[in-house]
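Structure data (mmCIF, C-alpha atoms) from upload00.cif:
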data_data
loop_
_atom_site.group_PDB
_atom_site.id
_atom_site.type_symbol
_atom_site.label_atom_id
_atom_site.label_comp_id
_atom_site.auth_asym_id
_atom_site.auth_seq_id
_atom_site.Cartn_x
_atom_site.Cartn_y
_atom_site.Cartn_z
ATOM 1 C CA MET A 116 -49.663 -1.310 40.248
ATOM 2 C CA ILE A 117 -51.317 -0.208 36.992
ATOM 3 C CA PHE A 118 -51.830 -3.550 35.254
ATOM 4 C CA ASP A 119 -55.177 -5.362 34.877
ATOM 5 C CA PHE A 120 -56.005 -6.997 38.201
ATOM 6 C CA ARG A 121 -57.377 -10.054 36.370
ATOM 7 C CA LEU A 122 -53.889 -10.688 35.007
ATOM 8 C CA GLN A 123 -52.497 -10.575 38.541
ATOM 9 C CA VAL A 124 -55.164 -13.075 39.648
ATOM 10 C CA PHE A 125 -54.231 -15.381 36.775
ATOM 11 C CA HIS A 126 -50.506 -15.080 37.528
ATOM 12 C CA THR A 127 -51.012 -15.909 41.211
ATOM 13 C CA ILE A 128 -53.108 -18.997 40.421
ATOM 14 C CA ALA A 129 -50.653 -20.109 37.735
ATOM 15 C CA ARG A 130 -47.827 -19.975 40.277
ATOM 16 C CA ARG A 131 -49.753 -21.656 43.110
ATOM 17 C CA LEU A 132 -52.017 -23.938 41.014
ATOM 18 C CA ASN A 133 -54.519 -23.528 43.804
ATOM 19 C CA PHE A 134 -57.519 -21.183 43.825
ATOM 20 C CA THR A 135 -57.822 -21.149 47.613
ATOM 21 C CA LYS A 136 -54.175 -20.196 48.187
ATOM 22 C CA ALA A 137 -54.394 -17.554 45.442
ATOM 23 C CA ALA A 138 -57.484 -16.016 47.063
ATOM 24 C CA SER A 139 -55.712 -15.877 50.423
ATOM 25 C CA GLU A 140 -52.595 -14.281 48.923
ATOM 26 C CA LEU A 141 -54.646 -11.676 47.039
ATOM 27 C CA PHE A 142 -56.938 -10.955 50.015
ATOM 28 C CA ILE A 143 -60.094 -11.659 47.997
ATOM 29 C CA SER A 144 -62.720 -14.413 48.149
ATOM 30 C CA GLN A 145 -62.415 -17.651 46.188
ATOM 31 C CA PRO A 146 -65.610 -16.879 44.199
ATOM 32 C CA ALA A 147 -64.041 -13.552 43.213
ATOM 33 C CA VAL A 148 -60.928 -15.395 42.001
ATOM 34 C CA THR A 149 -63.086 -17.744 39.925
ATOM 35 C CA LYS A 150 -65.052 -14.789 38.493
ATOM 36 C CA HIS A 151 -61.881 -12.986 37.388
ATOM 37 C CA ILE A 152 -60.565 -16.116 35.647
ATOM 38 C CA HIS A 153 -63.892 -16.723 33.879
ATOM 39 C CA GLU A 154 -63.884 -13.116 32.655
ATOM 40 C CA LEU A 155 -60.313 -13.467 31.399
ATOM 41 C CA GLU A 156 -61.111 -16.753 29.631
ATOM 42 C CA ASN A 157 -64.208 -15.193 28.039
ATOM 43 C CA GLN A 158 -62.177 -12.195 26.887
ATOM 44 C CA LEU A 159 -59.496 -14.433 25.338
ATOM 45 C CA LYS A 160 -62.081 -17.013 24.156
ATOM 46 C CA ILE A 161 -59.961 -19.914 25.400
ATOM 47 C CA LYS A 162 -59.512 -21.989 28.562
ATOM 48 C CA LEU A 163 -56.478 -21.181 30.688
ATOM 49 C CA PHE A 164 -56.730 -23.997 33.242
ATOM 50 C CA GLU A 165 -57.671 -27.655 33.097
ATOM 51 C CA ARG A 166 -59.546 -28.827 36.178
ATOM 52 C CA THR A 167 -59.461 -32.456 37.381
ATOM 53 C CA GLY A 168 -61.320 -32.778 40.659
ATOM 54 C CA SER A 169 -59.535 -30.516 43.149
ATOM 55 C CA LYS A 170 -56.392 -30.225 41.004
ATOM 56 C CA ILE A 171 -55.718 -27.704 38.253
ATOM 57 C CA LYS A 172 -53.009 -27.267 35.649
ATOM 58 C CA LEU A 173 -52.273 -24.738 32.946
ATOM 59 C CA THR A 174 -53.474 -25.359 29.412
ATOM 60 C CA GLN A 175 -51.166 -24.570 26.496
ATOM 61 C CA ALA A 176 -52.842 -21.158 26.273
ATOM 62 C CA GLY A 177 -52.293 -20.701 30.012
ATOM 63 C CA GLU A 178 -48.581 -21.458 29.648
ATOM 64 C CA ILE A 179 -48.309 -18.851 26.881
ATOM 65 C CA LEU A 180 -50.191 -16.257 28.931
ATOM 66 C CA LEU A 181 -48.000 -16.953 31.984
ATOM 67 C CA THR A 182 -44.828 -16.301 29.965
ATOM 68 C CA HIS A 183 -46.171 -12.991 28.664
ATOM 69 C CA ALA A 184 -47.619 -11.998 32.065
ATOM 70 C CA GLU A 185 -44.196 -12.324 33.686
ATOM 71 C CA GLN A 186 -42.682 -10.166 30.960
ATOM 72 C CA ILE A 187 -45.461 -7.586 31.419
ATOM 73 C CA PHE A 188 -44.955 -7.437 35.192
ATOM 74 C CA GLU A 189 -41.207 -6.991 34.675
ATOM 75 C CA ILE A 190 -41.911 -4.078 32.323
ATOM 76 C CA TYR A 191 -44.283 -2.489 34.833
ATOM 77 C CA ARG A 192 -41.680 -2.761 37.617
ATOM 78 C CA ASN A 193 -39.174 -0.997 35.382
ATOM 79 C CA ILE A 194 -41.699 1.690 34.406
ATOM 80 C CA GLU A 195 -42.385 2.340 38.082
ATOM 81 C CA PHE A 196 -38.670 2.618 38.842
ATOM 82 C CA ASP A 197 -37.848 4.863 35.877
ATOM 83 C CA ILE A 198 -40.776 7.226 36.469
ATOM 84 C CA ASN A 199 -39.926 7.531 40.154
ATOM 85 C CA SER A 200 -36.292 8.168 39.261
ATOM 86 C CA LEU A 201 -37.399 11.260 37.322
ATOM 87 C CA ALA A 202 -38.874 12.577 40.555
ATOM 88 C CA ASN A 203 -35.592 11.725 42.326
ATOM 89 C CA ARG A 204 -37.144 8.895 44.263
ATOM 90 C CA GLN A 205 -36.777 5.130 43.989
ATOM 91 C CA SER A 206 -39.609 2.695 44.644
ATOM 92 C CA GLY A 207 -40.922 -0.656 43.508
ATOM 93 C CA ILE A 208 -40.400 -4.316 44.350
ATOM 94 C CA LEU A 209 -37.073 -6.134 44.154
ATOM 95 C CA ARG A 210 -37.309 -9.921 44.322
ATOM 96 C CA LEU A 211 -34.011 -11.080 45.762
ATOM 97 C CA GLY A 212 -32.817 -14.680 46.065
ATOM 98 C CA ALA A 213 -29.806 -15.713 48.143
ATOM 99 C CA SER A 214 -27.915 -18.840 49.036
ATOM 100 C CA THR A 215 -28.147 -19.703 52.730
ATOM 101 C CA THR A 216 -24.650 -18.468 53.672
ATOM 102 C CA ASN A 217 -25.294 -15.094 52.058
ATOM 103 C CA ALA A 218 -28.798 -14.809 53.500
ATOM 104 C CA GLN A 219 -27.711 -15.637 57.053
ATOM 105 C CA TYR A 220 -24.372 -13.847 57.441
ATOM 106 C CA ILE A 221 -23.771 -11.320 54.658
ATOM 107 C CA LEU A 222 -27.031 -9.711 53.566
ATOM 108 C CA PRO A 223 -28.927 -8.765 56.789
ATOM 109 C CA PRO A 224 -26.927 -5.580 57.608
ATOM 110 C CA ILE A 225 -26.893 -4.637 53.910
ATOM 111 C CA LEU A 226 -30.665 -5.052 53.653
ATOM 112 C CA ALA A 227 -31.204 -2.943 56.778
ATOM 113 C CA ALA A 228 -29.018 -0.124 55.425
ATOM 114 C CA PHE A 229 -30.630 -0.359 51.965
ATOM 115 C CA HIS A 230 -34.118 -0.084 53.468
ATOM 116 C CA LYS A 231 -33.053 2.935 55.490
ATOM 117 C CA LYS A 232 -31.795 4.692 52.339
ATOM 118 C CA PHE A 233 -34.590 3.514 50.013
ATOM 119 C CA PRO A 234 -37.675 2.996 52.221
ATOM 120 C CA GLU A 235 -40.022 2.988 49.201
ATOM 121 C CA ILE A 236 -38.362 -0.090 47.688
ATOM 122 C CA ARG A 237 -39.869 -3.316 48.996
ATOM 123 C CA ILE A 238 -37.597 -6.368 48.978
ATOM 124 C CA THR A 239 -38.734 -9.968 49.094
ATOM 125 C CA LEU A 240 -36.028 -12.536 49.903
ATOM 126 C CA THR A 241 -36.035 -16.176 48.819
ATOM 127 C CA ILE A 242 -33.463 -18.380 50.574
ATOM 128 C CA ASN A 243 -32.208 -21.621 49.035
ATOM 129 C CA ASN A 244 -29.014 -23.280 47.854
ATOM 130 C CA THR A 245 -27.142 -21.914 44.843
ATOM 131 C CA GLU A 246 -28.558 -24.406 42.353
ATOM 132 C CA GLN A 247 -32.139 -23.606 43.324
ATOM 133 C CA ILE A 248 -31.537 -19.832 43.338
ATOM 134 C CA GLU A 249 -30.186 -20.064 39.777
ATOM 135 C CA GLN A 250 -33.255 -22.065 38.788
ATOM 136 C CA ALA A 251 -35.556 -19.454 40.364
ATOM 137 C CA LEU A 252 -33.714 -16.771 38.381
ATOM 138 C CA GLN A 253 -34.204 -18.681 35.128
ATOM 139 C CA ASN A 254 -37.899 -19.170 35.994
ATOM 140 C CA LYS A 255 -38.119 -15.376 36.555
ATOM 141 C CA GLU A 256 -39.357 -15.940 40.107
ATOM 142 C CA ILE A 257 -36.632 -13.562 41.342
ATOM 143 C CA ASP A 258 -34.869 -10.549 39.801
ATOM 144 C CA LEU A 259 -31.425 -10.925 41.377
ATOM 145 C CA GLY A 260 -29.492 -13.762 42.982
ATOM 146 C CA VAL A 261 -26.619 -13.637 45.485
ATOM 147 C CA ILE A 262 -24.879 -16.988 45.250
ATOM 148 C CA GLU A 263 -21.691 -18.938 45.876
ATOM 149 C CA GLY A 264 -19.866 -21.680 44.036
ATOM 150 C CA TYR A 265 -18.302 -22.299 40.651
ATOM 151 C CA SER A 266 -21.436 -22.928 38.587
ATOM 152 C CA LYS A 267 -21.524 -20.895 35.387
ATOM 153 C CA ASN A 268 -24.822 -20.923 33.499
ATOM 154 C CA ALA A 269 -24.610 -19.441 29.991
ATOM 155 C CA GLY A 270 -27.918 -17.637 30.422
ATOM 156 C CA ILE A 271 -26.825 -15.852 33.600
ATOM 157 C CA LYS A 272 -24.548 -12.850 34.037
ATOM 158 C CA TYR A 273 -22.291 -13.158 37.121
ATOM 159 C CA THR A 274 -20.688 -10.212 38.909
ATOM 160 C CA GLN A 275 -18.101 -10.665 41.693
ATOM 161 C CA PHE A 276 -19.383 -9.451 45.046
ATOM 162 C CA LEU A 277 -17.347 -10.473 48.102
ATOM 163 C CA LYS A 278 -14.329 -12.681 48.770
ATOM 164 C CA ASP A 279 -14.788 -15.537 51.223
ATOM 165 C CA GLU A 280 -12.709 -18.340 52.697
ATOM 166 C CA ILE A 281 -13.989 -21.782 53.620
ATOM 167 C CA VAL A 282 -12.206 -23.201 56.662
ATOM 168 C CA LEU A 283 -12.204 -26.483 58.551
ATOM 169 C CA VAL A 284 -13.651 -25.815 62.006
ATOM 170 C CA SER A 285 -13.713 -27.844 65.209
ATOM 171 C CA SER A 286 -15.281 -27.324 68.610
ATOM 172 C CA THR A 287 -12.765 -26.416 71.310
ATOM 173 C CA LYS A 288 -14.183 -29.389 73.270
ATOM 174 C CA ASN A 289 -13.332 -31.846 70.503
ATOM 175 C CA PRO A 290 -10.639 -34.287 71.742
ATOM 176 C CA VAL A 291 -9.896 -35.695 68.260
ATOM 177 C CA ILE A 292 -7.411 -33.073 67.041
ATOM 178 C CA LYS A 293 -5.200 -31.099 69.383
ATOM 179 C CA SER A 294 -2.371 -30.025 67.095
ATOM 180 C CA GLY A 295 -4.428 -27.439 65.231
ATOM 181 C CA SER A 296 -3.458 -28.854 61.832
ATOM 182 C CA VAL A 297 -4.034 -31.993 59.762
ATOM 183 C CA ARG A 298 -2.661 -33.439 56.540
ATOM 184 C CA PRO A 299 -5.120 -33.678 53.632
ATOM 185 C CA GLU A 300 -5.168 -37.489 53.749
ATOM 186 C CA GLN A 301 -6.226 -37.373 57.421
ATOM 187 C CA LEU A 302 -9.544 -35.871 56.313
ATOM 188 C CA LYS A 303 -10.579 -39.377 55.236
ATOM 189 C CA GLN A 304 -10.599 -40.509 58.882
ATOM 190 C CA ILE A 305 -12.105 -37.423 60.550
ATOM 191 C CA PRO A 306 -15.920 -37.414 60.956
ATOM 192 C CA LEU A 307 -17.131 -34.496 58.845
ATOM 193 C CA LEU A 308 -20.308 -32.535 58.279
ATOM 194 C CA LEU A 309 -21.037 -31.506 54.698
ATOM 195 C CA ARG A 310 -23.659 -29.416 52.922
ATOM 196 C CA GLU A 311 -26.403 -30.948 50.789
ATOM 197 C CA PRO A 312 -26.084 -31.660 47.035
ATOM 198 C CA GLY A 313 -26.680 -28.466 45.040
ATOM 199 C CA SER A 314 -24.940 -26.318 47.638
ATOM 200 C CA GLY A 315 -22.389 -23.867 46.273
ATOM 201 C CA THR A 316 -20.238 -24.431 49.360
ATOM 202 C CA LEU A 317 -20.122 -28.194 48.720
ATOM 203 C CA GLU A 318 -19.222 -27.541 45.074
ATOM 204 C CA VAL A 319 -16.286 -25.310 46.060
ATOM 205 C CA ILE A 320 -15.013 -27.792 48.687
ATOM 206 C CA SER A 321 -15.251 -30.695 46.229
ATOM 207 C CA HIS A 322 -13.278 -28.725 43.617
ATOM 208 C CA ALA A 323 -10.526 -27.748 46.086
ATOM 209 C CA LEU A 324 -10.158 -31.279 47.477
ATOM 210 C CA LYS A 325 -9.981 -32.725 43.971
ATOM 211 C CA LEU A 326 -6.988 -30.460 43.256
ATOM 212 C CA ALA A 327 -5.404 -31.900 46.431
ATOM 213 C CA GLY A 328 -5.955 -35.462 45.167
ATOM 214 C CA ILE A 329 -8.979 -36.274 47.343
ATOM 215 C CA ASN A 330 -12.401 -37.248 46.052
ATOM 216 C CA ILE A 331 -15.202 -35.971 48.246
ATOM 217 C CA SER A 332 -16.703 -39.487 48.272
ATOM 218 C CA GLU A 333 -13.606 -40.656 50.191
ATOM 219 C CA LEU A 334 -14.391 -38.416 53.178
ATOM 220 C CA SER A 335 -15.883 -39.766 56.389
ATOM 221 C CA ASN A 336 -19.206 -37.991 55.977
ATOM 222 C CA GLU A 337 -21.198 -38.283 59.204
ATOM 223 C CA MET A 338 -24.115 -36.186 57.977
ATOM 224 C CA GLN A 339 -25.183 -33.768 55.237
ATOM 225 C CA LEU A 340 -27.120 -30.762 56.500
ATOM 226 C CA GLY A 341 -28.986 -28.054 54.616
ATOM 227 C CA GLY A 342 -27.383 -24.953 56.066
ATOM 228 C CA SER A 343 -24.334 -23.481 57.766
ATOM 229 C CA GLU A 344 -26.195 -22.704 60.984
ATOM 230 C CA SER A 345 -27.349 -26.297 61.526
ATOM 231 C CA MET A 346 -23.858 -27.582 60.674
ATOM 232 C CA LYS A 347 -22.263 -25.159 63.125
ATOM 233 C CA LEU A 348 -24.586 -26.085 65.994
ATOM 234 C CA TYR A 349 -24.100 -29.800 65.314
ATOM 235 C CA MET A 350 -20.304 -29.318 65.218
ATOM 236 C CA LEU A 351 -20.299 -27.430 68.535
ATOM 237 C CA HIS A 352 -22.062 -30.359 70.234
ATOM 238 C CA SER A 353 -20.114 -33.230 68.677
ATOM 239 C CA ASN A 354 -16.674 -34.508 67.768
ATOM 240 C CA CYS A 355 -17.312 -33.751 64.093
ATOM 241 C CA MET A 356 -15.581 -31.073 62.077
ATOM 242 C CA ALA A 357 -17.122 -28.966 59.355
ATOM 243 C CA PHE A 358 -16.028 -26.963 56.350
ATOM 244 C CA LEU A 359 -17.738 -23.588 56.790
ATOM 245 C CA SER A 360 -17.490 -20.035 55.519
ATOM 246 C CA VAL A 361 -15.359 -17.998 57.889
ATOM 247 C CA HIS A 362 -18.228 -15.467 57.948
ATOM 248 C CA ALA A 363 -20.426 -18.136 59.543
ATOM 249 C CA VAL A 364 -18.173 -18.676 62.576
ATOM 250 C CA LEU A 365 -16.792 -15.212 63.382
ATOM 251 C CA LYS A 366 -18.765 -14.906 66.612
ATOM 252 C CA GLU A 367 -17.905 -18.442 67.750
ATOM 253 C CA LEU A 368 -14.212 -17.881 67.012
ATOM 254 C CA GLN A 369 -14.259 -14.663 69.069
ATOM 255 C CA ASN A 370 -15.994 -16.493 71.929
ATOM 256 C CA LYS A 371 -13.460 -19.348 71.703
ATOM 257 C CA GLU A 372 -16.224 -21.918 71.169
ATOM 258 C CA CYS A 373 -14.416 -23.281 68.125
ATOM 259 C CA TYR A 374 -11.114 -22.935 66.299
ATOM 260 C CA ILE A 375 -9.856 -23.253 62.736
ATOM 261 C CA VAL A 376 -7.974 -26.452 61.903
ATOM 262 C CA ASP A 377 -5.315 -25.822 59.268
ATOM 263 C CA VAL A 378 -5.274 -28.369 56.436
ATOM 264 C CA GLU A 379 -1.678 -28.441 55.238
ATOM 265 C CA GLY A 380 -1.308 -27.101 51.696
ATOM 266 C CA LEU A 381 -5.053 -26.473 51.310
ATOM 267 C CA THR A 382 -6.596 -23.001 51.088
ATOM 268 C CA ILE A 383 -10.200 -22.704 49.917
ATOM 269 C CA ASN A 384 -10.963 -19.207 48.684
ATOM 270 C CA ARG A 385 -14.049 -18.258 46.708
ATOM 271 C CA TYR A 386 -16.220 -15.310 45.793
ATOM 272 C CA PHE A 387 -19.873 -14.651 46.348
ATOM 273 C CA TYR A 388 -21.530 -13.484 43.137
ATOM 274 C CA PHE A 389 -24.485 -11.434 42.026
ATOM 275 C CA ALA A 390 -26.443 -13.299 39.354
ATOM 276 C CA ILE A 391 -28.868 -11.755 36.876
ATOM 277 C CA LEU A 392 -30.320 -13.011 33.597
ATOM 278 C CA HIS A 393 -28.588 -11.829 30.425
ATOM 279 C CA GLY A 394 -30.718 -9.227 28.682
ATOM 280 C CA GLN A 395 -32.807 -8.505 31.759
ATOM 281 C CA PRO A 396 -33.358 -4.779 32.496
ATOM 282 C CA GLU A 397 -31.113 -3.929 35.452
ATOM 283 C CA THR A 398 -32.944 -1.057 37.139
ATOM 284 C CA LEU A 399 -33.593 -2.132 40.748
ATOM 285 C CA PRO A 400 -31.113 -5.052 40.619
ATOM 286 C CA GLU A 401 -28.334 -2.727 39.450
ATOM 287 C CA LEU A 402 -29.183 -0.225 42.198
ATOM 288 C CA PHE A 403 -28.901 -2.969 44.835
ATOM 289 C CA ILE A 404 -25.658 -4.324 43.328
ATOM 290 C CA ARG A 405 -24.031 -0.872 43.451
ATOM 291 C CA PHE A 406 -25.250 -0.264 47.015
ATOM 292 C CA ALA A 407 -24.170 -3.677 48.375
ATOM 293 C CA SER A 408 -20.753 -3.528 46.682
ATOM 294 C CA HIS A 409 -20.092 -0.110 48.205
ATOM 295 C CA PHE A 410 -21.338 -1.288 51.633
ATOM 296 C CA VAL A 411 -18.793 -4.137 51.957
ATOM 297 C CA ARG A 412 -15.753 -2.130 50.824
#

Could you spell out this file's structure in structure tokens?
Amino acid sequence: MIFDFRLQVFHTIARRLNFTKAASELFISQPAVTKHIHELENQLKIKLFERTGSKIKLTQAGEILLTHAEQIFEIYRNIEFDINSLANRQSGILRLGASTTNAQYILPPILAAFHKKFPEIRITLTINNTEQIEQALQNKEIDLGVIEGYSKNAGIKYTQFLKDEIVLVSSTKNPVIKSGSVRPEQLKQIPLLLREPGSGTLEVISHALKLAGINISELSNEMQLGGSESMKLYMLHSNCMAFLSVHAVLKELQNKECYIVDVEGLTINRYFYFAILHGQPETLPELFIRFASHFVR
């Protein structure tokens, strides 16, 4: 990278609020980190951090510098991409964030194929629920999100990616339901596993059930778990059922470890979306969006 290394040191500390962790991440000594910050503060003639014992926080000047530093780094990433494009090569860093369903079941083969085609582009992947991925996008901690759910933030541009269906799934060993179908009102008596608050999957399920006249608070919620994989494994070893993306249970359905329970009159379809900030340059993010969209066709 061609930017001032002192600015990178500042940015790392500002994100971690810890000199020791910043030194470790940058592969330099803690005294070197302190020296770079002192030099930057002397150059700007203002303090960037307030120190209270072992804790630090950004001053007002530090907050301003952090905002501009993130904009500068974004510009440098785009310069690197555009210059390399002239030489018919793509390189740089793409900070990707994905909801857990996307990260576990949709993106891995796409990422492998993307790396094979563009080996000079380095991808970092942050995994969290939809709400937190959107927040990371707004904080400019990531460049591109791959999310689920109905949330529509005015500051974010959403692009449809892949259609999905959420289905009610039961272990084949579960003695509770044998008919293969239930009425919507029966869901109130069936022990269910649900995703955590902030999950795009939970948001979609809640919306669909509301249209069917059922409030999600009326369900017999045995446990809320923070990911499809943990829900699936719990479901396979219990008499609970779970609403899961069909992508999450393809292997288990093929192996006859579980089956889909039809909820009469209820179909829960949704789309996964790409999410990017409005007005953000779309160099590497746009390249990945085009590649991933073509891959799943």

With 6 Å on each side, where is the centre of the axis-aligned box around all listed atoms of stretch 299-315 of chain A, and how long are its edges in Å to one decimal, as AutoDock Vina command-line options?
--center_x -15.9 --center_y -32.2 --center_z 53.0 --size_x 33.6 --size_y 28.6 --size_z 27.9

Spatial neighbours of A:Leu155, 10 Å, only C-alpha atoms, chain gap at least 5 places, as a PyMOL selection string:
chain A and resi 121-122+124-125+149-150+160-163

Selection: 8 Å around A:Thr239, all atoms listed in the file, excl. self and same-chain fewer than 3 positions, as a PDB file with C-alpha atoms, in the coordinates of the input:
ATOM      1  CA  ILE A 208     -40.400  -4.316  44.350  1.00  0.00           C
ATOM      2  CA  LEU A 209     -37.073  -6.134  44.154  1.00  0.00           C
ATOM      3  CA  ARG A 210     -37.309  -9.921  44.322  1.00  0.00           C
ATOM      4  CA  LEU A 211     -34.011 -11.080  45.762  1.00  0.00           C
TER       5      LEU A 211
END

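We find atom CA of A:Phe188 and atom CA of A:Phe120 to be spaced 11.5 Å apart.
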
Selection result of the PyMOL selection byres ((chain A and resi 222-235) around 8) on this file, as number ranges by chain
A: 205-207, 217-221, 236-237, 403, 406-407, 410

Please provide as an MDAnalysis selection string all residues within 10 Å of A:Leu334, with the sequence filter that same-chain residues fewer than 2 positions apart are discarded (counting only C-alpha atoms).
chainID A and resid 300:309 329:332 336:337

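Candidate residues A:Leu317, A:Leu399, A:Leu359, A:Met346 were compared for distance to A:Ile238, and the nearest is A:Leu399, using only C-alpha atoms.
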
Would you please work out which residue, of A:Arg385, A:His151, A:Arg412, A:Lys267, is nearest to A:Ile320 when using all atoms listed in the file?
A:Arg385

Taking the file as I've supplied it (selection: the PyMOL selection byres ((chain A and resi 389) around 10)), which residues are included? Please answer as a PDB file with C-alpha atoms, in the coordinates of the input.
ATOM      1  CA  GLY A 212     -32.817 -14.680  46.065  1.00  0.00           C
ATOM      2  CA  ALA A 213     -29.806 -15.713  48.143  1.00  0.00           C
ATOM      3  CA  LEU A 259     -31.425 -10.925  41.377  1.00  0.00           C
ATOM      4  CA  GLY A 260     -29.492 -13.762  42.982  1.00  0.00           C
ATOM      5  CA  VAL A 261     -26.619 -13.637  45.485  1.00  0.00           C
ATOM      6  CA  ILE A 262     -24.879 -16.988  45.250  1.00  0.00           C
ATOM      7  CA  GLU A 263     -21.691 -18.938  45.876  1.00  0.00           C
ATOM      8  CA  ILE A 271     -26.825 -15.852  33.600  1.00  0.00           C
ATOM      9  CA  LYS A 272     -24.548 -12.850  34.037  1.00  0.00           C
ATOM     10  CA  TYR A 273     -22.291 -13.158  37.121  1.00  0.00           C
ATOM     11  CA  THR A 274     -20.688 -10.212  38.909  1.00  0.00           C
ATOM     12  CA  GLN A 275     -18.101 -10.665  41.693  1.00  0.00           C
ATOM     13  CA  PHE A 276     -19.383  -9.451  45.046  1.00  0.00           C
ATOM     14  CA  LEU A 277     -17.347 -10.473  48.102  1.00  0.00           C
ATOM     15  CA  TYR A 386     -16.220 -15.310  45.793  1.00  0.00           C
ATOM     16  CA  PHE A 387     -19.873 -14.651  46.348  1.00  0.00           C
ATOM     17  CA  TYR A 388     -21.530 -13.484  43.137  1.00  0.00           C
ATOM     18  CA  ALA A 390     -26.443 -13.299  39.354  1.00  0.00           C
ATOM     19  CA  ILE A 391     -28.868 -11.755  36.876  1.00  0.00           C
ATOM     20  CA  PRO A 400     -31.113  -5.052  40.619  1.00  0.00           C
ATOM     21  CA  GLU A 401     -28.334  -2.727  39.450  1.00  0.00           C
ATOM     22  CA  PHE A 403     -28.901  -2.969  44.835  1.00  0.00           C
ATOM     23  CA  ILE A 404     -25.658  -4.324  43.328  1.00  0.00           C
ATOM     24  CA  SER A 408     -20.753  -3.528  46.682  1.00  0.00           C
TER      25      SER A 408
END

Length of the atom CA of A:Leu180 to atom CA of A:Gln158 vector [Å]
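Atom CA of A:Leu180 sits 12.8 Å away from atom CA of A:Gln158.
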
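The interatomic distance for the pair atom CA of A:Met356 and atom CA of A:Val284 works out to 5.6 Å.
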
Using the chain letters and numbers from this file, what does the PyMOL selection byres ((chain A and resi 186) around 12) select? Give the answer as a VMD selection string.
chain A and resid 122 126 179 to 185 187 to 193 254 to 256 258 395 to 396
